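Source file target-v9.txt; content: compact mmCIF, C-alpha atoms and all ligand atoms.
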```txt
# COMPACT_ATOMS: atom_id res chain seq x y z
CA MET K 1 180.99 69.34 1.62
CA LYS K 2 181.66 72.26 -0.72
CA LYS K 3 179.33 75.18 -0.25
CA SER K 4 180.72 77.45 -2.94
CA ILE K 5 181.63 76.89 -6.57
CA SER K 6 182.80 78.80 -9.63
CA GLY K 7 181.41 78.26 -13.13
CA PHE K 8 178.11 76.94 -11.74
CA SER K 9 175.95 78.77 -14.29
CA LYS K 10 177.85 77.12 -17.16
CA MET K 11 177.20 73.57 -15.91
CA SER K 12 174.42 71.46 -17.42
CA LYS K 13 171.18 71.27 -15.46
CA ARG K 14 171.85 67.68 -14.40
CA LYS K 15 175.35 68.58 -13.21
CA LYS K 16 173.98 71.55 -11.25
CA LEU K 17 171.42 69.34 -9.57
CA ARG K 18 174.04 66.70 -8.78
CA TRP K 19 176.40 69.26 -7.25
CA ILE K 20 173.58 70.74 -5.14
CA VAL K 21 172.29 67.43 -3.77
CA GLU K 22 175.78 66.10 -3.07
CA ASN K 23 176.92 69.20 -1.23
CA PHE K 24 173.82 70.35 0.65
CA PHE K 25 171.73 67.25 1.44
CA LYS K 26 172.16 64.22 3.66
CA ASP K 27 170.43 61.86 1.22
CA PRO K 28 171.49 63.03 -2.26
CA GLU K 29 169.87 60.22 -4.22
CA THR K 30 166.42 60.70 -2.66
CA VAL K 31 166.55 64.49 -3.00
CA ALA K 32 167.73 64.29 -6.63
CA ARG K 33 164.89 61.87 -7.45
CA GLU K 34 162.39 64.12 -5.68
CA LEU K 35 163.51 67.31 -7.42
CA MET K 36 163.61 65.56 -10.79
CA SER K 37 160.10 64.20 -10.27
CA PHE K 38 158.92 67.81 -10.63
CA TRP K 39 160.58 68.27 -14.01
CA HIS K 40 158.00 68.65 -16.73
CA ARG K 41 157.58 65.37 -18.61
CA ASN K 42 157.47 67.34 -21.87
CA GLU K 43 161.06 68.45 -22.53
CA ASP K 44 160.02 71.39 -24.71
CA GLN K 45 157.79 72.73 -21.95
CA GLN K 46 160.59 72.26 -19.43
CA ARG K 47 162.95 74.24 -21.65
CA ILE K 48 160.42 77.10 -21.62
CA PHE K 49 160.26 77.06 -17.82
CA ASP K 50 164.04 76.94 -17.54
CA GLY K 51 164.19 79.93 -19.86
CA PHE K 52 162.21 82.07 -17.38
CA SER K 53 165.08 82.07 -14.90
CA GLU K 54 168.66 80.96 -14.34
CA ASN K 55 170.40 78.08 -12.57
CA THR K 56 167.15 76.12 -12.50
CA ILE K 57 167.27 72.64 -11.01
CA SER K 58 163.54 71.91 -10.71
CA ASN K 59 160.08 73.54 -10.77
CA TYR K 60 158.29 74.88 -7.69
CA TYR K 61 154.58 74.09 -7.77
CA LEU K 62 151.78 76.25 -6.39
CA PRO K 63 148.06 75.45 -6.49
CA TYR K 64 146.06 76.86 -9.40
CA GLY K 65 142.45 77.52 -8.32
CA VAL K 66 139.49 79.42 -9.68
CA ALA K 67 136.91 81.72 -8.09
CA PRO K 68 133.73 81.56 -10.19
CA ASN K 69 130.66 83.83 -10.33
CA PHE K 70 132.35 87.23 -10.38
CA THR K 71 130.01 89.80 -11.92
CA ILE K 72 132.02 92.82 -13.07
CA ASN K 73 130.26 95.45 -15.15
CA GLN K 74 127.51 92.94 -15.82
CA GLN K 75 129.88 90.34 -17.24
CA THR K 76 130.52 87.03 -15.50
CA TYR K 77 134.08 85.95 -14.88
CA CYS K 78 135.70 82.86 -13.48
CA ILE K 79 138.92 84.22 -12.00
CA PRO K 80 142.10 82.10 -11.89
CA MET K 81 144.17 82.37 -8.71
CA VAL K 82 147.60 81.01 -7.86
CA ILE K 83 148.09 80.99 -4.10
CA GLU K 84 149.29 78.65 -1.39
CA GLU K 85 147.20 80.11 1.45
CA SER K 86 144.11 78.14 2.35
CA SER K 87 140.78 79.98 2.29
CA VAL K 88 141.82 82.82 -0.07
CA VAL K 89 140.11 81.32 -3.13
CA ALA K 90 137.10 80.22 -1.08
CA ALA K 91 136.80 83.75 0.35
CA ALA K 92 136.98 85.35 -3.11
CA ALA K 93 134.36 82.96 -4.47
CA SER K 94 132.06 83.60 -1.54
CA ALA K 95 132.34 87.41 -1.88
CA ALA K 96 131.75 87.09 -5.63
CA LYS K 97 128.56 85.12 -5.02
CA PHE K 98 127.40 87.56 -2.36
CA TRP K 99 127.72 90.57 -4.67
CA ALA K 100 126.47 88.79 -7.81
CA THR K 101 122.94 89.01 -6.37
CA ARG K 102 123.39 92.64 -5.32
CA GLY K 103 124.29 94.28 -8.61
CA GLY K 104 127.81 92.90 -8.93
CA PHE K 105 131.07 94.85 -9.00
CA LYS K 106 131.37 98.03 -11.05
CA ALA K 107 134.84 98.90 -12.26
CA LYS K 108 136.40 101.57 -14.43
CA VAL K 109 139.89 102.49 -15.51
CA ILE K 110 140.57 106.12 -14.65
CA SER K 111 143.91 106.50 -16.46
CA THR K 112 146.78 104.41 -17.82
CA LYS K 113 149.84 106.65 -17.61
CA LYS K 114 153.21 105.01 -16.85
CA VAL K 115 156.34 106.76 -15.69
CA GLY K 116 160.09 106.60 -16.32
CA GLN K 117 163.03 108.69 -15.15
CA VAL K 118 166.60 109.46 -16.14
CA HIS K 119 168.40 110.53 -12.96
CA PHE K 120 171.45 112.69 -13.62
CA SER K 121 173.98 115.00 -12.00
CA TRP K 122 175.07 118.22 -13.63
CA GLU K 123 177.05 121.24 -12.50
CA GLY K 124 175.61 124.08 -14.52
CA ASP K 125 173.07 126.84 -14.78
CA PHE K 126 169.63 125.17 -14.90
CA THR K 127 168.11 128.04 -16.89
CA LYS K 128 170.52 127.21 -19.73
CA LEU K 129 169.29 123.61 -19.80
CA GLN K 130 165.70 124.85 -19.73
CA ALA K 131 166.41 127.17 -22.64
CA VAL K 132 167.51 124.32 -24.90
CA PHE K 133 164.96 121.81 -23.62
CA GLU K 134 162.63 121.95 -26.64
CA SER K 135 165.45 121.01 -29.01
CA LEU K 136 166.71 118.39 -26.53
CA LYS K 137 163.22 116.86 -26.50
CA GLU K 138 163.18 116.68 -30.31
CA ARG K 139 166.55 114.95 -30.25
CA LEU K 140 165.43 112.46 -27.58
CA LEU K 141 162.28 111.56 -29.51
CA ALA K 142 164.22 111.19 -32.77
CA ASP K 143 166.83 108.95 -31.17
CA VAL K 144 164.20 106.49 -29.89
CA SER K 145 162.09 106.47 -33.05
CA LEU K 146 163.05 102.91 -33.95
CA ILE K 147 162.05 101.65 -30.51
CA THR K 148 158.80 103.63 -30.36
CA LYS K 149 157.55 103.11 -33.94
CA ASN K 150 155.66 99.92 -33.18
CA MET K 151 154.21 101.26 -29.91
CA TYR K 152 152.90 104.40 -31.70
CA SER K 153 151.24 102.20 -34.31
CA ARG K 154 149.48 100.33 -31.46
CA GLY K 155 148.18 103.64 -30.10
CA GLY K 156 150.79 104.11 -27.37
CA GLY K 157 154.17 105.77 -27.05
CA ILE K 158 155.70 108.67 -25.16
CA TYR K 159 153.31 111.46 -24.46
CA ASP K 160 155.23 113.80 -22.24
CA ILE K 161 158.86 114.60 -21.43
CA GLN K 162 159.79 117.00 -18.65
CA LEU K 163 162.96 118.33 -17.10
CA ARG K 164 162.92 118.38 -13.30
CA ASP K 165 165.19 120.28 -10.97
CA LEU K 166 165.70 118.51 -7.64
CA THR K 167 168.73 120.47 -6.47
CA ASP K 168 166.79 121.64 -3.41
CA GLN K 169 166.95 118.01 -2.19
CA GLU K 170 170.30 116.86 -3.53
CA GLU K 171 173.19 118.85 -4.93
CA ASN K 172 173.31 118.91 -8.76
CA TYR K 173 170.44 116.41 -9.04
CA TYR K 174 168.07 116.56 -12.04
CA GLN K 175 165.70 114.24 -13.83
CA ILE K 176 164.30 113.68 -17.25
CA TRP K 177 160.76 112.57 -16.44
CA ALA K 178 158.71 110.83 -19.14
CA ASN K 179 155.15 109.57 -19.29
CA PHE K 180 154.26 106.57 -21.42
CA GLU K 181 151.24 104.73 -22.76
CA THR K 182 152.09 101.07 -23.28
CA CYS K 183 148.65 99.74 -24.36
CA ASP K 184 148.20 96.05 -23.52
CA SER K 185 151.78 95.46 -22.44
CA MET K 186 153.11 96.20 -18.98
CA GLY K 187 155.80 98.09 -20.85
CA ALA K 188 158.81 97.68 -18.55
CA ASN K 189 161.18 96.63 -21.35
CA PHE K 190 159.88 99.28 -23.70
CA ILE K 191 160.17 102.07 -21.12
CA ASN K 192 163.61 101.01 -19.93
CA SER K 193 164.95 100.75 -23.49
CA VAL K 194 163.68 104.24 -24.26
CA LEU K 195 165.12 105.66 -21.05
CA GLU K 196 168.58 104.20 -21.60
CA VAL K 197 168.70 105.87 -25.03
CA PHE K 198 167.45 109.11 -23.44
CA GLY K 199 170.36 108.93 -21.01
CA SER K 200 173.07 108.58 -23.64
CA SER K 201 171.40 111.11 -25.97
CA LEU K 202 171.14 113.67 -23.18
CA LYS K 203 174.83 113.25 -22.38
CA ASP K 204 175.81 113.56 -26.02
CA PHE K 205 173.49 116.55 -26.63
CA VAL K 206 174.97 118.60 -23.80
CA GLU K 207 178.54 117.64 -24.67
CA HIS K 208 178.18 118.90 -28.24
CA HIS K 209 175.86 121.88 -27.74
CA PRO K 210 177.58 125.28 -28.29
CA ASP K 211 175.69 126.89 -25.35
CA PHE K 212 177.59 124.78 -22.85
CA GLN K 213 181.21 125.34 -21.96
CA GLY K 214 183.80 123.73 -19.70
CA SER K 215 182.34 121.58 -16.89
CA GLU K 216 178.82 122.35 -18.18
CA LYS K 217 179.49 119.94 -21.03
CA GLU K 218 179.65 117.03 -18.60
CA ILE K 219 176.51 115.23 -17.47
CA THR K 220 176.71 112.16 -15.25
CA ILE K 221 173.86 109.77 -15.89
CA ILE K 222 173.24 108.10 -12.54
CA MET K 223 170.59 105.70 -13.86
CA ALA K 224 167.69 105.36 -16.28
CA ILE K 225 164.75 103.25 -15.15
CA LEU K 226 160.96 103.11 -15.12
CA SER K 227 159.15 103.93 -11.89
CA ASN K 228 156.94 101.18 -10.52
CA TYR K 229 154.95 103.89 -8.78
CA THR K 230 152.19 104.67 -11.28
CA PRO K 231 149.52 106.67 -9.41
CA GLU K 232 148.09 107.72 -12.77
CA CYS K 233 147.70 104.17 -14.04
CA ILE K 234 144.69 103.60 -11.87
CA VAL K 235 141.43 101.68 -11.70
CA ARG K 236 138.38 102.03 -9.46
CA THR K 237 136.27 99.08 -8.41
CA GLU K 238 133.22 99.22 -6.16
CA VAL K 239 130.12 97.52 -4.81
CA SER K 240 127.05 99.11 -3.27
CA CYS K 241 123.55 98.24 -2.17
CA PRO K 242 120.91 99.43 0.30
CA ILE K 243 122.04 98.46 3.81
CA SER K 244 118.77 96.54 4.21
CA ASP K 245 119.73 94.31 1.25
CA LEU K 246 122.92 93.13 2.93
CA GLY K 247 120.96 90.29 4.58
CA VAL K 248 121.59 88.52 7.84
CA PHE K 249 125.04 87.48 9.00
CA PRO K 250 126.37 84.69 11.23
CA GLU K 251 125.39 84.78 14.90
CA ASN K 252 122.16 86.46 13.70
CA MET K 253 123.87 89.80 13.16
CA ASP K 254 121.47 92.15 11.36
CA ALA K 255 122.42 94.18 8.28
CA THR K 256 122.65 97.55 10.07
CA THR K 257 124.95 96.23 12.81
CA PHE K 258 127.07 94.50 10.17
CA ALA K 259 127.32 97.64 8.00
CA HIS K 260 128.39 99.79 10.95
CA LYS K 261 130.98 97.29 12.20
CA PHE K 262 132.31 96.87 8.65
CA TYR K 263 132.52 100.65 8.21
CA LYS K 264 134.43 100.96 11.50
CA ALA K 265 136.82 98.18 10.44
CA VAL K 266 137.72 100.14 7.29
CA ARG K 267 138.04 103.37 9.31
CA ILE K 268 140.45 101.65 11.71
CA ALA K 269 142.61 100.59 8.76
CA HIS K 270 142.73 104.25 7.71
CA ILE K 271 143.77 105.39 11.17
CA ASP K 272 146.06 102.64 12.43
CA THR K 273 149.12 101.63 10.41
CA ASN K 274 149.41 98.24 12.10
CA ARG K 275 145.91 97.32 11.08
CA ALA K 276 146.32 98.94 7.64
CA THR K 277 149.24 96.63 6.86
CA THR K 278 147.23 93.48 7.59
CA HIS K 279 144.15 94.90 5.90
CA ASN K 280 146.09 95.65 2.71
CA LYS K 281 147.91 92.31 2.93
CA GLY K 282 144.50 90.67 2.66
CA ILE K 283 143.73 92.78 -0.43
CA PHE K 284 146.99 91.64 -2.02
CA ASN K 285 146.08 88.00 -1.27
CA GLY K 286 143.57 88.43 -4.07
CA ILE K 287 145.57 90.75 -6.31
CA ASP K 288 148.82 88.74 -6.23
CA ALA K 289 147.00 85.46 -6.84
CA VAL K 290 145.46 86.72 -10.10
CA ALA K 291 148.65 88.56 -11.06
CA LEU K 292 150.58 85.29 -10.70
CA ALA K 293 147.94 83.28 -12.57
CA THR K 294 148.24 85.71 -15.49
CA ALA K 295 152.07 85.92 -15.28
CA ASN K 296 152.09 89.54 -14.23
CA ASP K 297 154.79 91.06 -12.04
CA PHE K 298 153.23 90.88 -8.58
CA ARG K 299 156.28 92.51 -6.95
CA ALA K 300 155.81 95.63 -9.08
CA ILE K 301 152.08 95.62 -8.38
CA GLU K 302 152.62 95.30 -4.61
CA ALA K 303 155.34 97.96 -4.49
CA CYS K 304 153.06 100.40 -6.30
CA GLY K 305 150.02 99.62 -4.17
CA HIS K 306 151.90 100.06 -0.89
CA THR K 307 153.44 103.36 -1.98
CA TYR K 308 149.98 104.58 -2.98
CA ALA K 309 148.62 103.48 0.40
CA ALA K 310 151.15 105.82 2.01
CA ARG K 311 150.68 108.72 -0.43
CA ASP K 312 149.64 111.26 2.22
CA GLY K 313 152.59 110.38 4.47
CA GLN K 314 150.88 107.66 6.51
CA TYR K 315 150.32 104.08 5.39
CA ARG K 316 146.53 103.56 5.21
CA SER K 317 143.80 101.26 3.94
CA LEU K 318 143.52 100.97 0.16
CA THR K 319 139.77 100.43 0.45
CA ASN K 320 137.04 102.85 1.51
CA CYS K 321 133.54 102.44 2.87
CA SER K 322 130.63 104.83 3.20
CA LEU K 323 127.17 104.53 4.73
CA GLU K 324 125.07 107.35 3.33
CA ASN K 325 121.32 107.63 2.81
CA GLY K 326 120.87 103.99 3.80
CA VAL K 327 123.37 102.79 1.16
CA PHE K 328 126.43 100.64 1.87
CA LYS K 329 129.25 101.47 -0.54
CA PHE K 330 132.67 99.82 -0.57
CA TRP K 331 135.37 100.71 -3.07
CA MET K 332 139.04 100.83 -3.91
CA ASP K 333 141.19 103.00 -6.19
CA LEU K 334 144.20 100.92 -7.14
CA PRO K 335 147.17 102.00 -9.23
CA ILE K 336 148.26 98.92 -11.13
CA ALA K 337 150.48 98.50 -14.19
CA LEU K 338 150.08 95.18 -15.93
CA GLY K 339 149.99 93.50 -19.31
CA THR K 340 148.07 90.95 -21.30
CA VAL K 341 150.68 90.79 -24.07
CA GLY K 342 154.44 90.50 -23.83
CA GLY K 343 156.49 89.26 -20.89
CA LEU K 344 155.51 85.76 -19.82
CA THR K 345 151.80 86.29 -20.49
CA LYS K 346 151.73 84.10 -23.58
CA LEU K 347 154.89 82.09 -22.90
CA HIS K 348 153.77 80.53 -19.65
CA PRO K 349 151.43 77.72 -20.69
CA ILE K 350 149.08 78.18 -17.73
CA ALA K 351 149.12 81.99 -17.80
CA LYS K 352 148.01 81.74 -21.41
CA ARG K 353 145.08 79.57 -20.29
CA SER K 354 144.27 82.00 -17.47
CA LEU K 355 143.91 84.80 -19.98
CA GLU K 356 141.77 82.58 -22.18
CA LEU K 357 139.61 81.71 -19.13
CA LEU K 358 139.10 85.45 -18.61
CA GLY K 359 138.10 85.91 -22.27
CA ASN K 360 141.51 87.25 -23.39
CA PRO K 361 141.06 90.63 -21.71
CA SER K 362 142.80 93.87 -22.66
CA ALA K 363 145.20 95.27 -20.04
CA GLU K 364 142.45 97.70 -18.96
CA GLU K 365 139.95 94.88 -18.49
CA LEU K 366 142.52 92.89 -16.51
CA MET K 367 143.15 95.95 -14.30
CA MET K 368 139.44 95.89 -13.44
CA ILE K 369 139.40 92.13 -12.82
CA ILE K 370 142.48 92.12 -10.59
CA ALA K 371 141.40 95.13 -8.55
CA THR K 372 138.01 93.50 -8.09
CA ALA K 373 139.62 90.29 -6.83
CA GLY K 374 141.43 92.46 -4.26
CA LEU K 375 138.25 94.26 -3.20
CA ALA K 376 136.35 90.96 -2.94
CA GLN K 377 139.13 89.52 -0.79
CA ASN K 378 138.99 92.49 1.55
CA PHE K 379 135.19 92.28 1.75
CA ALA K 380 135.37 88.58 2.65
CA ALA K 381 138.11 89.14 5.24
CA LEU K 382 136.28 92.01 6.94
CA ARG K 383 132.97 90.15 6.81
CA SER K 384 134.56 87.29 8.74
CA LEU K 385 136.49 89.54 11.08
CA VAL K 386 133.46 91.57 12.20
CA THR K 387 131.21 88.50 12.55
CA THR K 388 132.67 85.08 13.38
CA GLY K 389 136.39 85.93 13.27
CA ILE K 390 138.61 84.40 10.62
CA GLN K 391 139.87 81.35 12.47
CA LYS K 392 136.70 79.30 12.05
CA GLY K 393 136.90 79.20 8.24
CA HIS K 394 140.65 79.39 8.16
CA MET K 395 141.33 76.51 10.50
CA LYS K 396 138.85 74.27 8.68
CA MET K 397 141.06 74.62 5.60
CA HIS K 398 144.22 74.45 7.71
CA LEU K 399 143.03 71.15 9.19
CA MET K 400 143.62 69.49 5.82
CA ASN K 401 147.18 70.83 5.68
CA ILE K 402 147.89 69.48 9.17
CA LEU K 403 146.33 66.10 8.32
CA ASN K 404 148.38 65.86 5.14
CA HIS K 405 151.52 66.90 6.99
CA LEU K 406 150.91 64.13 9.55
CA GLU K 407 150.23 61.70 6.69
CA ALA K 408 146.79 60.78 8.02
CA SER K 409 144.93 57.93 6.30
CA GLN K 410 141.73 58.64 4.35
CA GLU K 411 139.77 57.00 7.16
CA ASN K 412 141.36 59.27 9.78
CA ILE K 413 140.84 62.35 7.59
CA ILE K 414 137.11 61.69 7.47
CA ALA K 415 136.99 61.09 11.23
CA ALA K 416 139.06 64.23 11.95
CA LYS K 417 136.85 66.46 9.80
CA LEU K 418 133.84 65.28 11.78
CA TYR K 419 135.57 65.57 15.14
CA PHE K 420 136.87 69.10 14.50
CA THR K 421 133.56 70.48 13.17
CA ASP K 422 132.99 72.32 16.44
CA ARG K 423 136.40 72.07 18.10
CA ALA K 424 139.46 74.31 17.94
CA VAL K 425 142.04 73.07 15.42
CA SER K 426 145.69 73.10 16.39
CA PHE K 427 148.67 71.01 15.37
CA THR K 428 148.83 69.38 18.82
CA ALA K 429 145.09 68.72 18.97
CA VAL K 430 145.15 67.02 15.56
CA ARG K 431 148.23 64.94 16.44
CA GLU K 432 146.59 63.82 19.67
CA PHE K 433 143.37 62.98 17.85
CA LEU K 434 145.28 60.81 15.34
CA ALA K 435 147.17 59.06 18.16
CA GLN K 436 143.83 58.27 19.84
CA GLN K 437 142.52 56.88 16.55
CA ASP K 438 145.56 54.61 16.27
CA LEU K 439 145.09 53.45 19.88
CA LYS K 440 141.44 52.69 19.17
CA LYS K 441 142.45 50.62 16.16
CA GLU K 442 145.06 48.69 18.18
CA ARG K 443 142.39 47.81 20.77
CA VAL K 444 140.04 46.39 18.12
C1 LIG B 1 145.22 86.72 5.97
O1 LIG B 1 146.06 86.25 4.94
C2 LIG B 1 144.61 88.04 5.59
C3 LIG B 1 143.77 88.71 6.66
O2 LIG B 1 144.53 88.81 7.87
C4 LIG B 1 143.41 90.06 6.14
C5 LIG B 1 142.73 90.97 7.17
O3 LIG B 1 142.98 90.82 8.37
O4 LIG B 1 142.00 91.86 6.71
C6 LIG B 1 142.55 87.89 6.99
```

Write the structure described by the file as structure tokens, please.
Amino acid sequence: MKKSISGFSKMSKRKKLRWIVENFFKDPETVARELMSFWHRNEDQQRIFDGFSENTISNYYLPYGVAPNFTINQQTYCIPMVIEESSVVAAAASAAKFWATRGGFKAKVISTKKVGQVHFSWEGDFTKLQAVFESLKERLLADVSLITKNMYSRGGGIYDIQLRDLTDQEENYYQIWANFETCDSMGANFINSVLEVFGSSLKDFVEHHPDFQGSEKEITIIMAILSNYTPECIVRTEVSCPISDLGVFPENMDATTFAHKFYKAVRIAHIDTNRATTHNKGIFNGIDAVALATANDFRAIEACGHTYAARDGQYRSLTNCSLENGVFKFWMDLPIALGTVGGLTKLHPIAKRSLELLGNPSAEELMMIIATAGLAQNFAALRSLVTTGIQKGHMKMHLMNILNHLEASQENIIAAKLYFTDRAVSFTAVREFLAQQDLKKERV
């Protein structure tokens, strides 16, 4: 067994797979066959998938589901979701249906500003740098004109460059801070390309400027990179209705009791960090699933959302609820940077179909759709939590996973679904049930 290798990345895909199965698995032939069975049968498509990453030896499948009946700003959407957790899609669909008859979701993009920074060290008199900043800015903008030309023609570009002094927090530490509009693209490549040029231009500008002498001529560029924290690229989504229109809930819970318990559940997620984490995780069940289905960067979206949730120094709920003048209102402000052009959005064959399913939305429209999927998810989770608890619905879906895992026959699946209608589902209980079924069969 050899667990390390040099030159792996240069090997052909088949050779990589062979080396992996021979050195890490007990039954290389079976594992190789299994991994190869997930190769796309269309070689061109497979080449596209391989191009998304490196050292690929197979494809990893996740379920692609849809949550229909979402009414957002009076338009109906069928939202694609890629997620492996049972009950997330069902919960989204059920919340969508609930709100479709109560005015639907209302969403609006508040702003779309993105951020990038050049972090640098400099030993000099800051006022001197400030004094030449206007001409430095001109130079920076001129040096990136080839990169920005196309973005300006699409209505985007750089709309602000600032110089920031952070020496009170770290010796000799400064930033060039820039704000960007990247239209329908997420803009990471555009922003990072601009920032890297800013870094080298800044260095060169100071080195050759007559106002700087000796060590002042030397700037150390630490790094140039976009910030995934975009609190000014933000969307609001909300639902509201008279409390009396909320209807009746399981266990005969009336609308007023439901509204007050729901309100308290959101309050608790604002007060208690432990609860806030789970609460927001549920929101991201919806957000990530649509982000993945549309080939958006869910890691960037999550990182931004969690930072925003902690913006006042404590990690809190991303959603809010109010009960005023007999009206139930539930909403979320979500900073989210995403794209409907560029990246994998049109390259990934299914992401392309997801966007088509959504009516080929602009980035702003997709911000509203994704935030709404998150709000719907949170509504569904809290609705279950404050009424029946989540396990009832969850375990019903989980039952199928357990049955599949135990390779139950179709006959036993039907019997198990019936048997577990009003019984607690657990791995052991299901295994015992299947053993009993087998015993019964033997006796016949
Ligand atoms: C499970 O994936 C998500 C929930 O735990 C979210 C929540 O508790 O609000 C149900």

At a cut-off of 8 Å and counting all atoms listed in the file, what residues surround ligand LIG 1 (chain B)? Please answer as a PyMOL selection string. chain K and resi 85+88+275+278-283+285+378+381-382+385+390

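CA of Lys346 (chain K) sits 20.9 Å away from CA of Gly155 (chain K).
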
Using all atoms listed in the file, find the one residue out of K:Asn320, K:Gln175, K:Asn55, K:Asn73 that sits nearest to Gly104 (chain K). K:Asn73

Atom-to-atom span, CA of Ala90 (chain K) and CA of Gly65 (chain K), Å: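 It comes out at 9.4 Å.
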
Shell around Gly286 (chain K) at 8 Å using all atoms listed in the file, local window under 6 positions removed, as a PDB file with C-alpha atoms, in the coordinates of the input:
```pdb
ATOM      1  CA  MET K  81     144.170  82.370  -8.710  1.00  0.00           C
ATOM      2  CA  VAL K  88     141.820  82.820  -0.070  1.00  0.00           C
ATOM      3  CA  VAL K  89     140.110  81.320  -3.130  1.00  0.00           C
ATOM      4  CA  ALA K  92     136.980  85.350  -3.110  1.00  0.00           C
ATOM      5  CA  ILE K 370     142.480  92.120 -10.590  1.00  0.00           C
ATOM      6  CA  ALA K 373     139.620  90.290  -6.830  1.00  0.00           C
ATOM      7  CA  GLY K 374     141.430  92.460  -4.260  1.00  0.00           C
ATOM      8  CA  LEU K 375     138.250  94.260  -3.200  1.00  0.00           C
ATOM      9  CA  ALA K 376     136.350  90.960  -2.940  1.00  0.00           C
ATOM     10  CA  GLN K 377     139.130  89.520  -0.790  1.00  0.00           C
TER      11      GLN K 377
END
```

With all atoms listed in the file as the basis for distance, which of K:Tyr77, K:Thr372, K:Phe262, K:Val430 is at the shortest distance from Asn404 (chain K)?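 Among the listed residues, the smallest separation from Asn404 (chain K) belongs to K:Val430.
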
Work out how far CA of Ser87 (chain K) is from CA of Ala415 (chain K), in Å to one decimal.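 Between CA of Ala415 (chain K) and CA of Ser87 (chain K) the gap is 21.2 Å.
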
In terms of the shortest atom-to-atom distance over all atoms listed in the file, which of K:Thr112, K:Ser201, K:Thr273, K:Thr101 is closest to Leu246 (chain K)?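 So, comparing all the options, the nearest one is K:Thr101.
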
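Distances from K:Thr148, K:Met36, K:Glu238, K:His306 to Cys321 (chain K) were compared using all atoms listed in the file, and the smallest one belongs to K:Glu238.
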
K:Leu140, K:Val132, K:Ala293, K:Val235: which is nearest Leu202 (chain K), counting all atoms listed in the file?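 Using all atoms listed in the file, the shortest distance to Leu202 (chain K) belongs to K:Leu140.
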
Taking 2 positions as the minimum chain separation for residues in the same chain, which residues sit within 12 Å of region 352-362 of chain K when counting all atoms listed in the file? Answer as a count of residues only. 50

Which residues are near region 1-9 of chain K? Cut-off 9 Å, all atoms listed in the file, ignore same chain within fewer than 3 positions. Put them as a list in words.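 Result of the neighbour search: Ser12, Lys13, Lys15, Lys16, Trp19, Ile20, Glu22, Asn23, Phe24, Glu54 and Asn55 of chain K.
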
For Asp143 (chain K), find every residue with an atom within 9 Å (counting all atoms listed in the file), except residues of its own chain fewer than 2 positions away, and show them as a list in words. Glu138, Arg139, Leu140, Leu141, Ser145, Leu146, Ile147, Val194, Val197, Phe198 and Ser201 of chain K

I'd like the contact shell of Glu196 (chain K) - 8 Å cut-off, only C-alpha atoms, skipping same-chain residues fewer than 4 positions apart - returned as number ranges by chain. K: 118, 192, 200, 224-225

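Candidate residues K:Leu17, K:Ala310, K:Leu323, K:Met400 were compared for distance to Lys261 (chain K), and the nearest is K:Leu323, using only C-alpha atoms.
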